[in-house]
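Shown here: my_file.cif, mmCIF, C-alpha atoms and all ligand atoms.
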```cif
data_upload
#
loop_
_atom_site.group_PDB
_atom_site.id
_atom_site.type_symbol
_atom_site.label_atom_id
_atom_site.label_comp_id
_atom_site.auth_asym_id
_atom_site.auth_seq_id
_atom_site.Cartn_x
_atom_site.Cartn_y
_atom_site.Cartn_z
ATOM 1 C CA GLU A 1 -19.576 -43.076 48.063
ATOM 2 C CA LYS A 2 -17.848 -40.009 49.588
ATOM 3 C CA LYS A 3 -14.467 -41.845 49.462
ATOM 4 C CA ILE A 4 -14.881 -42.493 45.703
ATOM 5 C CA ARG A 5 -15.768 -38.815 45.068
ATOM 6 C CA ARG A 6 -12.633 -37.766 47.008
ATOM 7 C CA ILE A 7 -10.469 -40.051 44.898
ATOM 8 C CA ASP A 8 -12.022 -38.774 41.640
ATOM 9 C CA SER A 9 -11.442 -35.133 42.563
ATOM 10 C CA ALA A 10 -7.841 -35.942 43.603
ATOM 11 C CA LYS A 11 -7.326 -37.615 40.204
ATOM 12 C CA ASP A 12 -8.787 -34.576 38.395
ATOM 13 C CA LYS A 13 -6.502 -32.256 40.366
ATOM 14 C CA SER A 14 -3.390 -34.254 39.511
ATOM 15 C CA ARG A 15 -4.440 -34.366 35.815
ATOM 16 C CA ALA A 16 -4.934 -30.586 35.854
ATOM 17 C CA ARG A 17 -1.564 -30.060 37.548
ATOM 18 C CA GLU A 18 0.123 -32.308 34.966
ATOM 19 C CA LYS A 19 -1.436 -30.319 32.069
ATOM 20 C CA ASP A 20 -0.425 -26.995 33.632
ATOM 21 C CA SER A 21 3.096 -28.224 34.278
ATOM 22 C CA GLU A 22 3.205 -29.343 30.640
ATOM 23 C CA ARG A 23 2.142 -25.847 29.553
ATOM 24 C CA LEU A 24 4.500 -24.252 32.051
ATOM 25 C CA LYS A 25 7.370 -26.387 30.665
ATOM 26 C CA VAL A 26 6.662 -25.086 27.159
ATOM 27 C CA GLU A 27 6.268 -21.531 28.443
ATOM 28 C CA GLU A 28 9.404 -21.823 30.587
ATOM 29 C CA ASN A 29 11.452 -22.836 27.574
ATOM 30 C CA VAL A 30 10.110 -20.114 25.355
ATOM 31 C CA PHE A 31 9.084 -17.223 27.630
ATOM 32 C CA ASP A 32 11.515 -15.704 30.093
ATOM 33 C CA VAL A 33 10.017 -14.408 33.341
ATOM 34 C CA PRO A 34 9.775 -10.707 32.322
ATOM 35 C CA THR A 35 7.948 -11.732 29.129
ATOM 36 C CA LEU A 36 5.580 -13.976 31.128
ATOM 37 C CA LYS A 37 4.833 -11.039 33.441
ATOM 38 C CA ILE A 38 3.857 -8.832 30.476
ATOM 39 C CA LEU A 39 1.666 -11.614 29.034
ATOM 40 C CA TYR A 40 -0.100 -12.039 32.387
ATOM 41 C CA THR A 41 -0.661 -8.276 32.602
ATOM 42 C CA LEU A 42 -2.038 -8.176 29.036
ATOM 43 C CA SER A 43 -4.325 -11.097 29.846
ATOM 44 C CA ASN A 44 -5.528 -9.400 33.066
ATOM 45 C CA LYS A 45 -6.250 -6.278 30.988
ATOM 46 C CA GLY A 46 -8.366 -8.427 28.641
ATOM 47 C CA VAL A 47 -6.098 -7.754 25.644
ATOM 48 C CA ILE A 48 -5.227 -11.449 25.374
ATOM 49 C CA LYS A 49 -7.905 -14.023 26.249
ATOM 50 C CA ALA A 50 -5.919 -17.173 25.467
ATOM 51 C CA MET A 51 -2.442 -17.921 24.119
ATOM 52 C CA GLY A 52 -2.134 -20.435 21.276
ATOM 53 C CA GLY A 53 0.798 -22.180 19.656
ATOM 54 C CA ALA A 54 3.778 -20.765 17.775
ATOM 55 C CA ILE A 55 3.076 -19.602 14.202
ATOM 56 C CA SER A 56 6.701 -18.739 13.364
ATOM 57 C CA THR A 57 9.915 -19.326 15.278
ATOM 58 C CA GLY A 58 13.241 -17.687 14.581
ATOM 59 C CA LYS A 59 16.499 -16.679 16.266
ATOM 60 C CA GLU A 60 15.366 -13.095 16.873
ATOM 61 C CA ALA A 61 11.679 -13.539 17.585
ATOM 62 C CA ASN A 62 8.760 -15.961 17.804
ATOM 63 C CA VAL A 63 5.190 -15.303 16.665
ATOM 64 C CA PHE A 64 2.319 -16.924 18.590
ATOM 65 C CA TYR A 65 -1.389 -17.255 17.875
ATOM 66 C CA ALA A 66 -3.687 -15.768 20.527
ATOM 67 C CA GLU A 67 -7.402 -15.137 21.022
ATOM 68 C CA GLY A 68 -8.298 -11.495 21.608
ATOM 69 C CA PRO A 69 -11.561 -10.106 23.013
ATOM 70 C CA ASP A 70 -13.024 -9.653 19.540
ATOM 71 C CA LYS A 71 -10.586 -11.058 16.972
ATOM 72 C CA GLU A 72 -7.681 -13.458 16.514
ATOM 73 C CA LEU A 73 -4.242 -12.016 17.335
ATOM 74 C CA ALA A 74 -0.613 -12.622 16.385
ATOM 75 C CA ILE A 75 1.794 -12.005 19.272
ATOM 76 C CA LYS A 76 5.360 -11.358 18.166
ATOM 77 C CA ILE A 77 7.868 -11.744 21.015
ATOM 78 C CA TYR A 78 11.436 -10.575 20.470
ATOM 79 C CA ARG A 79 14.059 -12.613 22.295
ATOM 80 C CA ILE A 80 16.197 -10.624 24.685
ATOM 81 C CA ALA A 81 18.699 -13.295 25.717
ATOM 82 C CA SER A 82 19.926 -15.012 22.588
ATOM 83 C CA SER A 83 18.843 -12.532 19.931
ATOM 84 C CA THR A 84 21.476 -11.631 17.372
ATOM 85 C CA PHE A 85 20.742 -7.965 17.833
ATOM 86 C CA LYS A 86 23.981 -7.241 15.963
ATOM 87 C CA ALA A 87 21.843 -7.557 12.805
ATOM 88 C CA MET A 88 19.554 -4.815 14.167
ATOM 89 C CA ASP A 89 22.513 -2.441 14.538
ATOM 90 C CA ALA A 90 22.796 -1.751 10.815
ATOM 91 C CA TYR A 91 19.233 -0.456 10.810
ATOM 92 C CA ILE A 92 18.606 1.136 14.162
ATOM 93 C CA MET A 93 21.777 2.988 15.096
ATOM 94 C CA LYS A 94 21.721 5.215 11.958
ATOM 95 C CA ASP A 95 17.969 5.823 12.179
ATOM 96 C CA PRO A 96 17.466 9.447 13.321
ATOM 97 C CA ARG A 97 14.352 8.310 15.213
ATOM 98 C CA PHE A 98 16.448 6.109 17.486
ATOM 99 C CA THR A 99 19.831 7.770 17.904
ATOM 100 C CA ASN A 100 19.048 8.785 21.476
ATOM 101 C CA ILE A 101 18.394 5.335 22.987
ATOM 102 C CA ARG A 102 20.937 4.022 25.495
ATOM 103 C CA ASN A 103 23.199 1.417 23.990
ATOM 104 C CA ASN A 104 22.040 -1.581 26.002
ATOM 105 C CA LYS A 105 20.436 -4.706 24.575
ATOM 106 C CA ARG A 106 17.018 -4.515 26.282
ATOM 107 C CA ASP A 107 16.549 -0.887 25.243
ATOM 108 C CA ILE A 108 17.498 -1.719 21.653
ATOM 109 C CA ILE A 109 14.991 -4.604 21.528
ATOM 110 C CA PHE A 110 12.230 -2.472 23.119
ATOM 111 C CA ALA A 111 12.940 0.359 20.639
ATOM 112 C CA TRP A 112 12.906 -2.126 17.776
ATOM 113 C CA THR A 113 9.507 -3.476 18.879
ATOM 114 C CA ARG A 114 8.083 0.066 19.110
ATOM 115 C CA LYS A 115 9.542 0.801 15.662
ATOM 116 C CA GLU A 116 7.793 -2.233 14.145
ATOM 117 C CA LEU A 117 4.434 -1.033 15.567
ATOM 118 C CA GLN A 118 5.068 2.495 14.263
ATOM 119 C CA ASN A 119 6.109 1.200 10.819
ATOM 120 C CA LEU A 120 3.013 -1.036 10.567
ATOM 121 C CA LYS A 121 0.808 1.979 11.397
ATOM 122 C CA ARG A 122 2.500 4.142 8.749
ATOM 123 C CA ALA A 123 2.268 1.359 6.174
ATOM 124 C CA LYS A 124 -1.428 0.834 6.920
ATOM 125 C CA ASN A 125 -2.159 4.584 6.709
ATOM 126 C CA ALA A 126 -0.367 4.673 3.338
ATOM 127 C CA GLY A 127 -2.765 2.014 1.981
ATOM 128 C CA VAL A 128 -0.434 -0.997 2.193
ATOM 129 C CA ARG A 129 -2.092 -4.205 3.410
ATOM 130 C CA VAL A 130 -0.381 -5.238 6.675
ATOM 131 C CA PRO A 131 -1.613 -6.943 9.874
ATOM 132 C CA GLU A 132 -3.589 -4.319 11.867
ATOM 133 C CA PRO A 133 -1.067 -3.038 14.473
ATOM 134 C CA ILE A 134 -2.551 -3.172 17.979
ATOM 135 C CA LEU A 135 0.095 -2.484 20.647
ATOM 136 C CA ALA A 136 3.751 -2.796 21.622
ATOM 137 C CA GLU A 137 4.764 -3.467 25.220
ATOM 138 C CA LYS A 138 8.553 -3.823 25.828
ATOM 139 C CA ASN A 139 9.627 -6.773 23.597
ATOM 140 C CA ILE A 140 6.061 -7.809 22.687
ATOM 141 C CA LEU A 141 4.158 -6.680 19.573
ATOM 142 C CA ILE A 142 0.440 -7.471 19.250
ATOM 143 C CA MET A 143 -1.162 -7.358 15.804
ATOM 144 C CA GLU A 144 -4.125 -8.774 13.920
ATOM 145 C CA PHE A 145 -3.787 -12.481 13.018
ATOM 146 C CA MET A 146 -3.665 -12.886 9.235
ATOM 147 C CA GLY A 147 -5.257 -16.287 8.816
ATOM 148 C CA GLU A 148 -8.354 -18.238 9.721
ATOM 149 C CA LYS A 149 -9.124 -20.502 12.693
ATOM 150 C CA GLU A 150 -5.529 -20.562 13.972
ATOM 151 C CA VAL A 151 -4.151 -21.346 10.485
ATOM 152 C CA SER A 152 -1.945 -18.521 9.221
ATOM 153 C CA TYR A 153 -2.198 -17.426 5.583
ATOM 154 C CA PRO A 154 0.671 -18.962 3.581
ATOM 155 C CA LEU A 155 3.901 -17.157 2.742
ATOM 156 C CA LEU A 156 4.287 -16.099 -0.916
ATOM 157 C CA LYS A 157 7.194 -18.581 -0.862
ATOM 158 C CA ASN A 158 4.792 -21.471 -0.256
ATOM 159 C CA THR A 159 1.940 -20.362 -2.533
ATOM 160 C CA HIS A 160 1.349 -22.137 -5.854
ATOM 161 C CA LEU A 161 0.463 -19.540 -8.531
ATOM 162 C CA GLU A 162 -0.486 -19.501 -12.218
ATOM 163 C CA ASN A 163 1.448 -16.940 -14.287
ATOM 164 C CA GLU A 164 -1.409 -14.461 -14.537
ATOM 165 C CA GLU A 165 -2.126 -14.745 -10.779
ATOM 166 C CA ALA A 166 1.573 -14.122 -10.117
ATOM 167 C CA LYS A 167 1.566 -11.058 -12.421
ATOM 168 C CA SER A 168 -1.379 -9.513 -10.548
ATOM 169 C CA ILE A 169 0.287 -10.159 -7.154
ATOM 170 C CA PHE A 170 3.577 -8.722 -8.493
ATOM 171 C CA ASP A 171 1.798 -5.523 -9.629
ATOM 172 C CA THR A 172 0.196 -5.116 -6.182
ATOM 173 C CA ILE A 173 3.547 -5.679 -4.424
ATOM 174 C CA VAL A 174 5.173 -2.993 -6.631
ATOM 175 C CA GLU A 175 2.265 -0.623 -5.886
ATOM 176 C CA TYR A 176 2.719 -1.287 -2.138
ATOM 177 C CA MET A 177 6.461 -0.605 -2.399
ATOM 178 C CA ARG A 178 5.620 2.700 -4.139
ATOM 179 C CA LEU A 179 3.003 3.638 -1.490
ATOM 180 C CA LEU A 180 5.474 2.762 1.299
ATOM 181 C CA TYR A 181 8.091 5.005 -0.318
ATOM 182 C CA LYS A 182 5.928 7.972 -1.448
ATOM 183 C CA LYS A 183 3.252 8.051 1.258
ATOM 184 C CA ALA A 184 4.835 6.381 4.318
ATOM 185 C CA ASN A 185 8.377 7.611 3.626
ATOM 186 C CA LEU A 186 9.513 4.031 4.343
ATOM 187 C CA VAL A 187 11.547 1.226 2.761
ATOM 188 C CA HIS A 188 10.623 -2.296 3.946
ATOM 189 C CA ALA A 189 14.350 -3.279 3.878
ATOM 190 C CA ASP A 190 13.778 -7.016 4.193
ATOM 191 C CA LEU A 191 11.169 -7.624 1.482
ATOM 192 C CA SER A 192 11.120 -11.096 -0.032
ATOM 193 C CA GLU A 193 8.834 -14.102 -0.551
ATOM 194 C CA TYR A 194 9.503 -14.913 3.113
ATOM 195 C CA ASN A 195 7.929 -11.667 4.386
ATOM 196 C CA ILE A 196 4.800 -11.514 2.239
ATOM 197 C CA LEU A 197 1.665 -13.513 3.111
ATOM 198 C CA ILE A 198 -0.948 -14.324 0.467
ATOM 199 C CA ASP A 199 -4.630 -14.070 1.419
ATOM 200 C CA PRO A 200 -6.007 -17.199 -0.294
ATOM 201 C CA ASN A 201 -9.529 -15.701 -0.461
ATOM 202 C CA ASN A 202 -8.518 -13.066 -3.018
ATOM 203 C CA LEU A 203 -4.848 -13.849 -3.813
ATOM 204 C CA THR A 204 -3.684 -10.467 -2.466
ATOM 205 C CA PRO A 205 -0.324 -9.837 -0.770
ATOM 206 C CA ILE A 206 0.134 -8.804 2.869
ATOM 207 C CA PHE A 207 3.434 -7.247 3.971
ATOM 208 C CA ILE A 208 4.750 -8.495 7.336
ATOM 209 C CA ASP A 209 7.904 -8.010 9.428
ATOM 210 C CA MET A 210 8.570 -4.304 9.371
ATOM 211 C CA GLY A 211 10.860 -4.076 12.411
ATOM 212 C CA GLN A 212 13.864 -3.351 10.190
ATOM 213 C CA SER A 213 12.015 -0.912 7.860
ATOM 214 C CA VAL A 214 13.718 2.485 7.652
ATOM 215 C CA THR A 215 12.671 6.037 6.771
ATOM 216 C CA LEU A 216 14.189 7.717 3.701
ATOM 217 C CA GLU A 217 16.405 9.758 6.074
ATOM 218 C CA HIS A 218 18.370 6.552 6.766
ATOM 219 C CA PRO A 219 21.693 6.841 4.860
ATOM 220 C CA ASN A 220 21.242 3.369 3.312
ATOM 221 C CA ALA A 221 17.491 3.621 2.516
ATOM 222 C CA ARG A 222 17.958 3.512 -1.288
ATOM 223 C CA GLU A 223 20.396 0.588 -1.103
ATOM 224 C CA PHE A 224 17.807 -1.306 0.974
ATOM 225 C CA LEU A 225 15.116 -0.422 -1.593
ATOM 226 C CA TYR A 226 17.287 -1.655 -4.463
ATOM 227 C CA ARG A 227 17.868 -4.923 -2.586
ATOM 228 C CA ASP A 228 14.085 -5.311 -2.003
ATOM 229 C CA VAL A 229 13.540 -4.738 -5.752
ATOM 230 C CA GLN A 230 16.151 -7.390 -6.638
ATOM 231 C CA ASN A 231 14.584 -9.900 -4.202
ATOM 232 C CA ILE A 232 11.103 -9.426 -5.675
ATOM 233 C CA LEU A 233 12.295 -9.612 -9.319
ATOM 234 C CA ARG A 234 14.394 -12.700 -8.547
ATOM 235 C CA PHE A 235 11.327 -14.497 -7.084
ATOM 236 C CA PHE A 236 8.887 -13.456 -9.862
ATOM 237 C CA SER A 237 11.302 -14.256 -12.698
ATOM 238 C CA ARG A 238 10.082 -17.875 -12.440
ATOM 239 C CA TYR A 239 6.646 -16.608 -13.642
ATOM 240 C CA GLY A 240 8.151 -14.976 -16.751
ATOM 241 C CA ILE A 241 8.325 -11.442 -15.267
ATOM 242 C CA LYS A 242 11.375 -9.745 -16.806
ATOM 243 C CA ASP A 243 11.318 -6.146 -15.464
ATOM 244 C CA LYS A 244 14.798 -4.609 -15.016
ATOM 245 C CA PRO A 245 15.834 -3.777 -11.403
ATOM 246 C CA GLU A 246 16.917 -0.204 -12.238
ATOM 247 C CA GLU A 247 13.613 0.478 -14.081
ATOM 248 C CA LEU A 248 11.526 -0.855 -11.159
ATOM 249 C CA PHE A 249 13.776 1.013 -8.697
ATOM 250 C CA LYS A 250 13.061 4.286 -10.574
ATOM 251 C CA LYS A 251 9.347 3.521 -11.057
ATOM 252 C CA ILE A 252 8.835 3.122 -7.288
ATOM 253 C CA GLN A 253 10.546 6.431 -6.540
ATOM 254 C CA VAL A 254 9.104 8.753 -9.170
ATOM 255 C CA GLU A 255 5.339 8.483 -9.800
HETATM 256 N N1 LIG A 301 4.906 -10.807 11.780
HETATM 257 C C1 LIG A 301 4.752 -11.878 11.391
HETATM 258 C C2 LIG A 301 4.667 -13.176 10.957
HETATM 259 C C3 LIG A 301 3.529 -13.911 10.738
HETATM 260 C C4 LIG A 301 2.125 -13.540 10.929
HETATM 261 C C5 LIG A 301 1.163 -14.506 10.626
HETATM 262 C C6 LIG A 301 -0.150 -14.200 10.784
HETATM 263 N N2 LIG A 301 -0.561 -12.999 11.222
HETATM 264 C C7 LIG A 301 0.355 -12.037 11.522
HETATM 265 C C8 LIG A 301 1.711 -12.283 11.388
HETATM 266 C C9 LIG A 301 5.937 -13.872 10.637
HETATM 267 O O1 LIG A 301 5.976 -15.069 10.443
HETATM 268 N N3 LIG A 301 7.070 -13.154 10.515
HETATM 269 C C10 LIG A 301 8.321 -13.826 10.124
HETATM 270 C C11 LIG A 301 8.967 -14.481 11.300
HETATM 271 C C12 LIG A 301 8.923 -13.866 12.557
HETATM 272 C C13 LIG A 301 9.558 -14.505 13.627
HETATM 273 C C14 LIG A 301 10.229 -15.717 13.426
HETATM 274 C C15 LIG A 301 10.252 -16.306 12.158
HETATM 275 C C16 LIG A 301 9.626 -15.693 11.097
#
```

Representation of the structure as structure tokens:
Amino acid sequence: EKKIRRIDSAKDKSRAREKDSERLKVEENVFDVPTLKILYTLSNKGVIKAMGGAISTGKEANVFYAEGPDKELAIKIYRIASSTFKAMDAYIMKDPRFTNIRNNKRDIIFAWTRKELQNLKRAKNAGVRVPEPILAEKNILIMEFMGEKEVSYPLLKNTHLENEEAKSIFDTIVEYMRLLYKKANLVHADLSEYNILIDPNNLTPIFIDMGQSVTLEHPNAREFLYRDVQNILRFFSRYGIKDKPEELFKKIQVE
């Protein structure tokens, strides 16, 4: 009897080890040691109760689902090693808020992560719907999960819309661009159907990915705004929306 119990517990242990090693393998591939250390610290502090799977994966960052103490979280982790932070240069090095950082990669990524948190806060305060910003720690940004039961809301890109639904979403997006500009003094600078989620409960847009957003002091802010306007008009033209880029560009800046 005792012998059998010993064997069972040994089997359970080996199964548990196998599962952990499986998890560790995934984590090893995706999280470098410094990132793992921050995640362990955040979990010891009770900020993260359990890590889930990847929601989005890209060359510069990955977004993971996580359970928080009271709500679902999205954990955005910027890659340090292989990130093409060259792309970040165009935005960050001319941004008066970040001219003083030392020119090394880790510092640029940490500054970029802090900037995304700051931009999300400003956007939220201006009345734009964004994931609730929670905290930034080195290359890790924690925000509210926009989705339900581990399923993220769909991107505008992947949302089927009727023309009148599209028109209402378009009007809200334009209003958010105006609020960002007039109230938050910000331009999204990478706005497209790939960086807008649609809440399926009420068909309203949610702006995401504001790491590259710039203040109006940035020398290229208006060029970035014009590009955002062109991206949005290009996408909504399929629903019969024919606004002119220069008219929309002016409309966002004046009222
Ligand atoms: N923030 C964010 C994102 C989603 C999200 C979902 C649910 N709740 C909050 C955020 C997201 O996919 N951003 C684009 C992206 C980031 C990294 C790699 C590829 C693509």

* Within-10 Å shell of (-5.3, -14.2, 26.1) in input frame, all atoms listed in the file, as a ChimeraX atom specification -> /A:39-52,65-69,72-73

Chain and number of each residue from the PyMOL selection byres (((chain A and resi 194) around 12) and not hetatm), as a PyMOL selection string:
chain A and resi 56+154-159+190-193+195-198+205-209+228+231-232+235

Selected residues written out with C-alpha atoms, as an mmCIF file, keeping the file's coordinate frame:
```
data_model
loop_
_atom_site.group_PDB
_atom_site.id
_atom_site.type_symbol
_atom_site.label_atom_id
_atom_site.label_comp_id
_atom_site.auth_asym_id
_atom_site.auth_seq_id
_atom_site.Cartn_x
_atom_site.Cartn_y
_atom_site.Cartn_z
ATOM 1 C CA SER A 56 6.701 -18.739 13.364
ATOM 2 C CA PRO A 154 0.671 -18.962 3.581
ATOM 3 C CA LEU A 155 3.901 -17.157 2.742
ATOM 4 C CA LEU A 156 4.287 -16.099 -0.916
ATOM 5 C CA LYS A 157 7.194 -18.581 -0.862
ATOM 6 C CA ASN A 158 4.792 -21.471 -0.256
ATOM 7 C CA THR A 159 1.940 -20.362 -2.533
ATOM 8 C CA ASP A 190 13.778 -7.016 4.193
ATOM 9 C CA LEU A 191 11.169 -7.624 1.482
ATOM 10 C CA SER A 192 11.120 -11.096 -0.032
ATOM 11 C CA GLU A 193 8.834 -14.102 -0.551
ATOM 12 C CA ASN A 195 7.929 -11.667 4.386
ATOM 13 C CA ILE A 196 4.800 -11.514 2.239
ATOM 14 C CA LEU A 197 1.665 -13.513 3.111
ATOM 15 C CA ILE A 198 -0.948 -14.324 0.467
ATOM 16 C CA PRO A 205 -0.324 -9.837 -0.770
ATOM 17 C CA ILE A 206 0.134 -8.804 2.869
ATOM 18 C CA PHE A 207 3.434 -7.247 3.971
ATOM 19 C CA ILE A 208 4.750 -8.495 7.336
ATOM 20 C CA ASP A 209 7.904 -8.010 9.428
ATOM 21 C CA ASP A 228 14.085 -5.311 -2.003
ATOM 22 C CA ASN A 231 14.584 -9.900 -4.202
ATOM 23 C CA ILE A 232 11.103 -9.426 -5.675
ATOM 24 C CA PHE A 235 11.327 -14.497 -7.084
#
```

Which residues of chain A come within 7 Å of ligand LIG 301 (chain A), and for each one, what is the closest pair of atoms and their distance in Å to one decimal, counting all atoms listed in the file, sorted by chain and residue number, as CSV?
```
residue,atom,partner,partner_atom,distance
A:Ile55,CA,A:LIG301,C5,6.5
A:Ser56,CA,A:LIG301,C15,4.5
A:Thr57,CA,A:LIG301,C14,4.1
A:Gly58,CA,A:LIG301,C14,3.8
A:Lys59,CA,A:LIG301,C14,7.0
A:Glu60,CA,A:LIG301,C14,6.7
A:Ala61,CA,A:LIG301,C13,4.6
A:Asn62,CA,A:LIG301,C13,4.5
A:Val63,CA,A:LIG301,C13,5.4
A:Ala74,CA,A:LIG301,C7,5.0
A:Lys76,CA,A:LIG301,N1,6.4
A:Pro131,CA,A:LIG301,C7,5.7
A:Met143,CA,A:LIG301,C7,6.5
A:Glu144,CA,A:LIG301,C7,6.0
A:Phe145,CA,A:LIG301,N2,3.7
A:Met146,CA,A:LIG301,N2,3.7
A:Gly147,CA,A:LIG301,C6,5.9
A:Ser152,CA,A:LIG301,C6,4.9
A:Tyr153,CA,A:LIG301,C6,6.5
A:Asn195,CA,A:LIG301,C10,6.1
A:Ile208,CA,A:LIG301,N1,5.0
A:Asp209,CA,A:LIG301,N1,4.7
```

| Chain and number of each residue from the PyMOL selection byres (((chain A and resi 219) around 12) and not hetatm), as a ChimeraX atom specification | /A:90-96,187,214-218,220-225

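Rounded to one decimal, atom CA of A:Ile77 and atom CA of A:Arg97 lie 21.9 Å from each other.
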
Show me, as JSON, the centre and edge lengths in Å to one decimal of the axis-aligned box that covers every listed atom of stretch 178-184 of chain A with 8 Å on each side.
```
{"center_x": 5.5, "center_y": 5.4, "center_z": 0.1, "size_x": 21.1, "size_y": 21.4, "size_z": 24.5}
```

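In terms of minimum interatomic distance to A:Lys105, A:Asn139 ranks closest within A:Asn125, A:Asn139, A:Gln230, A:Asn119, counting all atoms listed in the file.
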
Cut-off 8 Å around (-1.7, -2.8, -2.4) with all atoms listed in the file: residues as number ranges by chain: A: 127-129, 172-173, 175-176, 204-205

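Distance-wise, atom CA of A:Leu180 and atom CA of A:Leu135 end up 20.8 Å apart.
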
(message) Evaluate the PyMOL selection byres (((chain A and resi 34) around 12) and not hetatm) against this structure - the residues, as a PyMOL selection string, please.
(response) chain A and resi 28+30-33+35-41+77-81+106+137-140

Residue with the minimum atom-to-atom distance to A:Gln118, picked from A:Leu203, A:Pro133, A:Asp243, A:Phe98 with all atoms listed in the file counted, is A:Pro133

Atom CA of A:Asn201 sits from atom CA of A:Ala123 at a separation of 21.8 Å

Could you write stretch 38-44 of chain A of the block just shown to a file containing all heavy atoms, as a CSV table (one decimal), in the first residue's frame?
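Result went into selection_12.csv, see below:
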```csv
chain,number,residue,atom,x,y,z
A,38,ILE,N,11.4,40.7,-13.6
A,38,ILE,CA,10.4,41.8,-13.4
A,38,ILE,C,9.0,41.1,-13.2
A,38,ILE,O,8.2,41.5,-12.3
A,38,ILE,CB,10.3,42.8,-14.5
A,38,ILE,CG1,11.7,43.4,-14.8
A,38,ILE,CG2,9.3,43.9,-14.3
A,38,ILE,CD1,11.8,44.2,-16.1
A,39,LEU,N,8.7,40.1,-14.0
A,39,LEU,CA,7.4,39.4,-13.9
A,39,LEU,C,7.3,38.7,-12.6
A,39,LEU,O,6.2,38.8,-12.0
A,39,LEU,CB,7.2,38.4,-15.1
A,39,LEU,CG,7.1,39.0,-16.5
A,39,LEU,CD1,7.1,37.9,-17.5
A,39,LEU,CD2,5.8,39.8,-16.5
A,40,TYR,N,8.4,38.1,-12.1
A,40,TYR,CA,8.3,37.5,-10.8
A,40,TYR,C,8.0,38.5,-9.7
A,40,TYR,O,7.2,38.3,-8.8
A,40,TYR,CB,9.6,36.7,-10.5
A,40,TYR,CG,9.7,35.4,-11.2
A,40,TYR,CD1,11.0,34.9,-11.6
A,40,TYR,CD2,8.6,34.7,-11.6
A,40,TYR,CE1,11.1,33.8,-12.4
A,40,TYR,CE2,8.7,33.5,-12.4
A,40,TYR,CZ,10.0,33.1,-12.7
A,40,TYR,OH,10.1,31.9,-13.5
A,41,THR,N,8.7,39.7,-9.8
A,41,THR,CA,8.5,40.7,-8.8
A,41,THR,C,7.1,41.2,-8.8
A,41,THR,O,6.4,41.3,-7.8
A,41,THR,CB,9.5,41.9,-9.1
A,41,THR,OG1,10.8,41.4,-9.3
A,41,THR,CG2,9.4,42.9,-8.0
A,42,LEU,N,6.5,41.4,-10.0
A,42,LEU,CA,5.2,41.9,-10.2
A,42,LEU,C,4.2,40.9,-9.6
A,42,LEU,O,3.2,41.2,-9.0
A,42,LEU,CB,4.8,42.3,-11.6
A,42,LEU,CG,5.6,43.5,-12.2
A,42,LEU,CD1,5.4,43.6,-13.7
A,42,LEU,CD2,5.2,44.7,-11.5
A,43,SER,N,4.5,39.6,-9.8
A,43,SER,CA,3.6,38.6,-9.3
A,43,SER,C,3.7,38.5,-7.8
A,43,SER,O,2.7,38.4,-7.1
A,43,SER,CB,3.9,37.2,-10.0
A,43,SER,OG,4.3,36.3,-9.0
A,44,ASN,N,5.0,38.7,-7.2
A,44,ASN,CA,5.1,38.7,-5.7
A,44,ASN,C,4.4,39.9,-5.1
A,44,ASN,O,3.9,39.8,-4.0
A,44,ASN,CB,6.6,38.8,-5.4
A,44,ASN,CG,7.3,37.5,-5.8
A,44,ASN,OD1,6.7,36.5,-6.0
A,44,ASN,ND2,8.6,37.6,-6.0
```
